[in-house]
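Remarks on the structure that follows.
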Amino acid sequence: MKIVLYGHPTLRQKSEKVDVVDDNVRETLDEMVALMRKANGVGLAANQVDIAKRFFVLEHDGVVKKVINPEILEFSDEIVDMEEGCLSIPGVFKKVNRPAKIKVKYLNENGKEVVEELEEMWSRAFQHEFDHIEGILFTDKLSVMNKRLVAKKLDVLKRDFTKGRIYRDLDE
């Protein structure tokens, strides 16, 4: 399992619902947690490892969440501006506006429904990974000025991708 880089078509696909939460899905989620940790990430979506399915993993303060078929039920009116990065877009970090709190529903790795309210880093990471499975990247949400500031880096990543640099090398 490897992390795909900016330019990979799976990153722009809207992912498909998971029909059955089985050992295969659980194994994939475990592999994703290990890969996310190796890459020093907070979250990793299935399409970032070239699987166009609706699931992702998150880890914050030593707590792991394995999220399958998520829905965001409510967004708070309060918006917070916080820096984000992405394991598929190395070296690019910019502030993104997102709702401060959200209410979500998803299945855990045992297929049990979870409904919870998230705030701070949990809220931000959940929204970021949710966007991934919708085919949206955090760079899509940047202000016009910030988009200009990262345009050259994104062009370099895209050029590298067309030259065959498809996966992130975690041994760099």
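If you're wondering about the labels, chains in the structure tokens are A, B, ... by order shown, residues count from 1 in each chain, ligands from 1 in order shown.
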
For the interface of range 35-123 of chain A with range 2-8 of chain A (cut-off 12 Å, counting only C-alpha atoms), please tabulate each contacting residue of range 35-123 of chain A alongside its nearest pair of atoms and their separation in Å to one decimal, rows sorted by chain and increasing number, as a tab-separated table.
```
residue	atom	partner	partner_atom	distance
A:Leu35	CA	A:Lys2	CA	7.7
A:Met36	CA	A:Ile3	CA	9.0
A:Lys38	CA	A:Ile3	CA	10.9
A:Ala39	CA	A:Ile3	CA	9.1
A:Gly41	CA	A:Ile3	CA	11.3
A:Gly43	CA	A:Ile3	CA	11.9
A:Leu44	CA	A:Ile3	CA	8.8
A:Ala45	CA	A:Ile3	CA	9.6
A:Ala46	CA	A:Ile3	CA	9.4
A:Asn47	CA	A:Val4	CA	8.2
A:Gln48	CA	A:Val4	CA	5.5
A:Val49	CA	A:Ile3	CA	4.8
A:Asp50	CA	A:Val4	CA	6.6
A:Ile51	CA	A:Val4	CA	10.2
A:Ala52	CA	A:His8	CA	11.9
A:Cys86	CA	A:Tyr6	CA	9.5
A:Leu87	CA	A:Ile3	CA	7.3
A:Ser88	CA	A:Leu5	CA	4.5
A:Ile89	CA	A:Tyr6	CA	5.5
A:Pro90	CA	A:Leu5	CA	8.1
A:Gly91	CA	A:Tyr6	CA	11.3
A:Val92	CA	A:Tyr6	CA	10.8
```

Written selection (N, CA, C and O atoms) as a compact mmCIF listing (two decimals), in the first residue's frame:
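Output saved as result08.txt:
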```
# COMPACT_ATOMS: atom_id res chain seq x y z
N LEU A 35 0.34 3.11 7.69
CA LEU A 35 0.91 3.98 6.66
C LEU A 35 0.78 5.45 7.06
O LEU A 35 1.74 6.23 6.89
N MET A 36 -0.37 5.84 7.61
CA MET A 36 -0.59 7.21 8.07
C MET A 36 0.45 7.57 9.14
O MET A 36 1.02 8.66 9.11
N LYS A 38 3.42 6.16 9.61
CA LYS A 38 4.74 6.21 8.98
C LYS A 38 4.96 7.56 8.28
O LYS A 38 6.06 8.10 8.27
N ALA A 39 3.87 8.10 7.72
CA ALA A 39 3.94 9.39 6.99
C ALA A 39 3.73 10.59 7.92
O ALA A 39 3.71 11.72 7.46
N GLY A 41 1.01 11.50 9.50
CA GLY A 41 -0.24 12.16 9.17
C GLY A 41 -1.24 12.09 10.32
O GLY A 41 -1.05 11.36 11.29
N GLY A 43 -4.63 11.96 9.22
CA GLY A 43 -5.71 11.24 8.56
C GLY A 43 -5.24 10.69 7.23
O GLY A 43 -4.25 11.17 6.67
N LEU A 44 -5.95 9.69 6.75
CA LEU A 44 -5.65 9.10 5.44
C LEU A 44 -6.94 8.51 4.89
O LEU A 44 -7.59 7.69 5.54
N ALA A 45 -7.32 8.96 3.69
CA ALA A 45 -8.54 8.47 3.04
C ALA A 45 -8.20 7.34 2.07
O ALA A 45 -7.09 7.28 1.54
N ALA A 46 -9.18 6.47 1.85
CA ALA A 46 -8.97 5.30 0.98
C ALA A 46 -8.50 5.70 -0.41
O ALA A 46 -7.62 5.04 -0.98
N ASN A 47 -9.04 6.79 -0.96
CA ASN A 47 -8.62 7.14 -2.32
C ASN A 47 -7.18 7.66 -2.36
O ASN A 47 -6.58 7.71 -3.42
N GLN A 48 -6.60 7.99 -1.21
CA GLN A 48 -5.20 8.37 -1.17
C GLN A 48 -4.28 7.16 -1.31
O GLN A 48 -3.08 7.31 -1.52
N VAL A 49 -4.85 5.96 -1.16
CA VAL A 49 -4.10 4.73 -1.40
C VAL A 49 -4.70 3.99 -2.59
O VAL A 49 -4.61 2.77 -2.71
N ASP A 50 -5.33 4.77 -3.48
CA ASP A 50 -5.89 4.29 -4.74
C ASP A 50 -7.04 3.29 -4.58
O ASP A 50 -7.18 2.36 -5.37
N ILE A 51 -7.85 3.49 -3.55
CA ILE A 51 -9.05 2.68 -3.34
C ILE A 51 -10.22 3.67 -3.33
O ILE A 51 -10.35 4.48 -2.41
N ALA A 52 -11.07 3.61 -4.33
CA ALA A 52 -12.18 4.58 -4.46
C ALA A 52 -13.40 4.14 -3.64
O ALA A 52 -14.49 3.94 -4.16
N CYS A 86 -1.47 17.91 3.35
CA CYS A 86 -2.05 16.66 2.84
C CYS A 86 -0.93 15.70 2.48
O CYS A 86 0.05 16.10 1.85
N LEU A 87 -1.09 14.44 2.86
CA LEU A 87 -0.07 13.44 2.58
C LEU A 87 0.11 13.21 1.07
O LEU A 87 1.16 12.77 0.64
N SER A 88 -0.90 13.55 0.28
CA SER A 88 -0.80 13.41 -1.17
C SER A 88 -0.26 14.67 -1.85
O SER A 88 -0.03 14.67 -3.05
N ILE A 89 -0.08 15.73 -1.07
CA ILE A 89 0.43 17.00 -1.61
C ILE A 89 1.58 17.47 -0.71
O ILE A 89 1.47 18.46 0.02
N PRO A 90 2.70 16.73 -0.71
CA PRO A 90 3.79 17.05 0.22
C PRO A 90 4.36 18.45 0.00
O PRO A 90 4.49 18.92 -1.12
N GLY A 91 4.68 19.09 1.12
CA GLY A 91 5.32 20.40 1.06
C GLY A 91 4.39 21.59 0.91
O GLY A 91 4.84 22.72 0.85
N VAL A 92 3.09 21.35 0.83
CA VAL A 92 2.12 22.45 0.67
C VAL A 92 1.28 22.54 1.94
O VAL A 92 0.61 21.57 2.32
```

Please provide as a PyMOL selection string all residues within 10 Å of Ser123 in chain A, with the sequence filter that same-chain residues fewer than 3 positions apart are discarded (counting only C-alpha atoms). chain A and resi 75+98-104+117-120+126-128

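Distances from A:Phe161, A:Ile68, A:Tyr167, A:Lys94 to Ser15 in chain A were compared using only C-alpha atoms, and the smallest one belongs to A:Ile68.
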
I need the strand (DSSP E) residues of chain A per DSSP on the backbone, written as a ChimeraX atom specification. /A:43-45,55-60,63-75,79-84,94-99,101-107,113-119

Can you write out the residues you just picked, keeping N, CA and C atoms, as a CSV table (one decimal), in the first residue's frame?
```csv
chain,number,residue,atom,x,y,z
A,43,GLY,N,-4.6,12.0,9.2
A,43,GLY,CA,-5.7,11.2,8.6
A,43,GLY,C,-5.2,10.7,7.2
A,44,LEU,N,-5.9,9.7,6.8
A,44,LEU,CA,-5.7,9.1,5.4
A,44,LEU,C,-6.9,8.5,4.9
A,45,ALA,N,-7.3,9.0,3.7
A,45,ALA,CA,-8.5,8.5,3.0
A,45,ALA,C,-8.2,7.3,2.1
A,55,PHE,N,-14.1,5.4,3.0
A,55,PHE,CA,-13.6,5.2,4.3
A,55,PHE,C,-12.3,5.9,4.5
A,56,PHE,N,-12.0,6.2,5.8
A,56,PHE,CA,-10.7,6.8,6.1
A,56,PHE,C,-10.4,6.6,7.6
A,57,VAL,N,-9.2,6.9,7.9
A,57,VAL,CA,-8.7,6.7,9.3
A,57,VAL,C,-8.2,8.1,9.8
A,58,LEU,N,-8.3,8.3,11.1
A,58,LEU,CA,-7.9,9.5,11.7
A,58,LEU,C,-7.2,9.1,13.0
A,59,GLU,N,-6.2,9.9,13.4
A,59,GLU,CA,-5.5,9.7,14.7
A,59,GLU,C,-5.2,11.1,15.3
A,60,HIS,N,-5.6,11.3,16.6
A,60,HIS,CA,-5.3,12.5,17.3
A,60,HIS,C,-5.1,12.2,18.7
A,63,VAL,N,-5.6,8.6,19.9
A,63,VAL,CA,-6.9,7.9,19.6
A,63,VAL,C,-7.0,7.7,18.1
A,64,VAL,N,-7.4,6.5,17.7
A,64,VAL,CA,-7.6,6.2,16.3
A,64,VAL,C,-9.1,6.1,16.0
A,65,LYS,N,-9.6,6.7,14.9
A,65,LYS,CA,-11.0,6.5,14.5
A,65,LYS,C,-10.9,5.9,13.1
A,66,LYS,N,-11.7,4.8,12.9
A,66,LYS,CA,-11.8,4.2,11.6
A,66,LYS,C,-13.2,4.4,11.1
A,67,VAL,N,-13.3,5.2,10.0
A,67,VAL,CA,-14.6,5.8,9.6
A,67,VAL,C,-15.0,5.2,8.3
A,68,ILE,N,-16.2,4.6,8.2
A,68,ILE,CA,-16.7,4.0,7.0
A,68,ILE,C,-18.1,4.6,6.7
A,69,ASN,N,-18.3,4.9,5.4
A,69,ASN,CA,-19.5,5.5,4.9
A,69,ASN,C,-20.0,6.7,5.7
A,70,PRO,N,-19.1,7.7,5.9
A,70,PRO,CA,-19.4,8.8,6.8
A,70,PRO,C,-20.4,9.8,6.1
A,71,GLU,N,-21.1,10.5,7.0
A,71,GLU,CA,-22.0,11.6,6.6
A,71,GLU,C,-21.8,12.7,7.6
A,72,ILE,N,-21.8,13.9,7.1
A,72,ILE,CA,-21.8,15.1,8.0
A,72,ILE,C,-23.2,15.6,8.1
A,73,LEU,N,-23.8,15.5,9.3
A,73,LEU,CA,-25.2,15.8,9.6
A,73,LEU,C,-25.4,17.3,9.8
A,74,GLU,N,-24.5,17.9,10.6
A,74,GLU,CA,-24.6,19.4,10.9
A,74,GLU,C,-23.3,20.0,10.9
A,75,PHE,N,-23.3,21.3,10.6
A,75,PHE,CA,-22.1,22.2,10.6
A,75,PHE,C,-22.4,23.3,11.6
A,79,ILE,N,-16.8,29.6,12.0
A,79,ILE,CA,-15.8,29.2,11.1
A,79,ILE,C,-14.4,29.4,11.7
A,80,VAL,N,-13.5,28.5,11.5
A,80,VAL,CA,-12.2,28.7,12.0
A,80,VAL,C,-11.2,28.5,10.8
A,81,ASP,N,-10.1,29.3,10.9
A,81,ASP,CA,-9.1,29.3,9.9
A,81,ASP,C,-7.9,28.6,10.4
A,82,MET,N,-7.5,27.5,9.9
A,82,MET,CA,-6.4,26.7,10.4
A,82,MET,C,-5.5,26.1,9.3
A,83,GLU,N,-4.2,26.0,9.5
A,83,GLU,CA,-3.3,25.5,8.5
A,83,GLU,C,-3.6,24.0,8.3
A,84,GLU,N,-3.6,23.6,7.0
A,84,GLU,CA,-3.7,22.2,6.6
A,84,GLU,C,-2.6,21.8,5.7
A,94,LYS,N,-1.3,25.4,3.9
A,94,LYS,CA,-2.0,26.7,3.9
A,94,LYS,C,-3.2,26.7,4.8
A,95,LYS,N,-3.7,27.9,5.1
A,95,LYS,CA,-4.8,28.0,6.0
A,95,LYS,C,-6.1,27.8,5.2
A,96,VAL,N,-7.0,27.1,5.8
A,96,VAL,CA,-8.3,26.8,5.2
A,96,VAL,C,-9.4,27.1,6.2
A,97,ASN,N,-10.5,27.7,5.7
A,97,ASN,CA,-11.7,28.0,6.6
A,97,ASN,C,-12.6,26.8,6.6
A,98,ARG,N,-13.0,26.4,7.8
A,98,ARG,CA,-13.9,25.3,7.9
A,98,ARG,C,-14.8,25.5,9.2
A,99,PRO,N,-16.0,24.9,9.2
A,99,PRO,CA,-16.8,25.0,10.4
A,99,PRO,C,-16.0,24.4,11.6
A,101,LYS,N,-17.3,23.1,14.4
A,101,LYS,CA,-17.8,21.9,15.0
A,101,LYS,C,-18.7,21.2,13.9
A,102,ILE,N,-18.8,19.9,14.0
A,102,ILE,CA,-19.7,19.2,13.1
A,102,ILE,C,-20.3,18.0,13.9
A,103,LYS,N,-21.4,17.6,13.4
A,103,LYS,CA,-22.1,16.4,13.9
A,103,LYS,C,-22.0,15.3,12.8
A,104,VAL,N,-21.5,14.1,13.1
A,104,VAL,CA,-21.3,13.2,12.0
A,104,VAL,C,-21.9,11.8,12.4
A,105,LYS,N,-22.1,11.0,11.3
A,105,LYS,CA,-22.6,9.6,11.5
A,105,LYS,C,-21.7,8.8,10.6
A,106,TYR,N,-21.3,7.6,11.1
A,106,TYR,CA,-20.5,6.7,10.3
A,106,TYR,C,-20.5,5.3,10.9
A,107,LEU,N,-20.0,4.4,10.2
A,107,LEU,CA,-19.8,3.0,10.7
A,107,LEU,C,-18.4,2.9,11.2
A,113,GLU,N,-23.0,1.7,14.0
A,113,GLU,CA,-23.2,3.1,13.7
A,113,GLU,C,-22.7,4.0,14.8
A,114,VAL,N,-22.0,5.0,14.5
A,114,VAL,CA,-21.5,6.0,15.5
A,114,VAL,C,-22.0,7.3,15.1
A,115,VAL,N,-22.6,8.1,16.0
A,115,VAL,CA,-23.1,9.4,15.8
A,115,VAL,C,-22.4,10.3,16.9
A,116,GLU,N,-21.6,11.3,16.5
A,116,GLU,CA,-20.9,12.1,17.5
A,116,GLU,C,-20.7,13.5,17.0
A,117,GLU,N,-20.4,14.4,17.9
A,117,GLU,CA,-20.1,15.8,17.6
A,117,GLU,C,-18.6,15.9,17.8
A,118,LEU,N,-18.0,16.5,16.8
A,118,LEU,CA,-16.6,16.7,16.8
A,118,LEU,C,-16.2,18.2,16.7
A,119,GLU,N,-15.1,18.5,17.4
A,119,GLU,CA,-14.6,19.9,17.4
A,119,GLU,C,-13.1,19.9,17.3
```

Residue with smallest distance to Gln13 in chain A - pool A:Leu29, A:Leu137, A:Ala34, A:Ile166, counting only C-alpha atoms: A:Leu137

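Between Ala151 in chain A and the candidates A:Glu109, A:Glu134, A:Thr139, A:Asp22, the tightest atom-to-atom separation, counting only C-alpha atoms, involves A:Thr139.
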
Which parts of range 12-58 of chain A does DSSP call helix (DSSP H, G or I) when run on the backbone here, written out as JSON, numbers by chain? {"A": [12, 23, 24, 25, 26, 27, 28, 29, 30, 31, 32, 33, 34, 35, 36, 37, 38, 46, 47, 48, 49]}
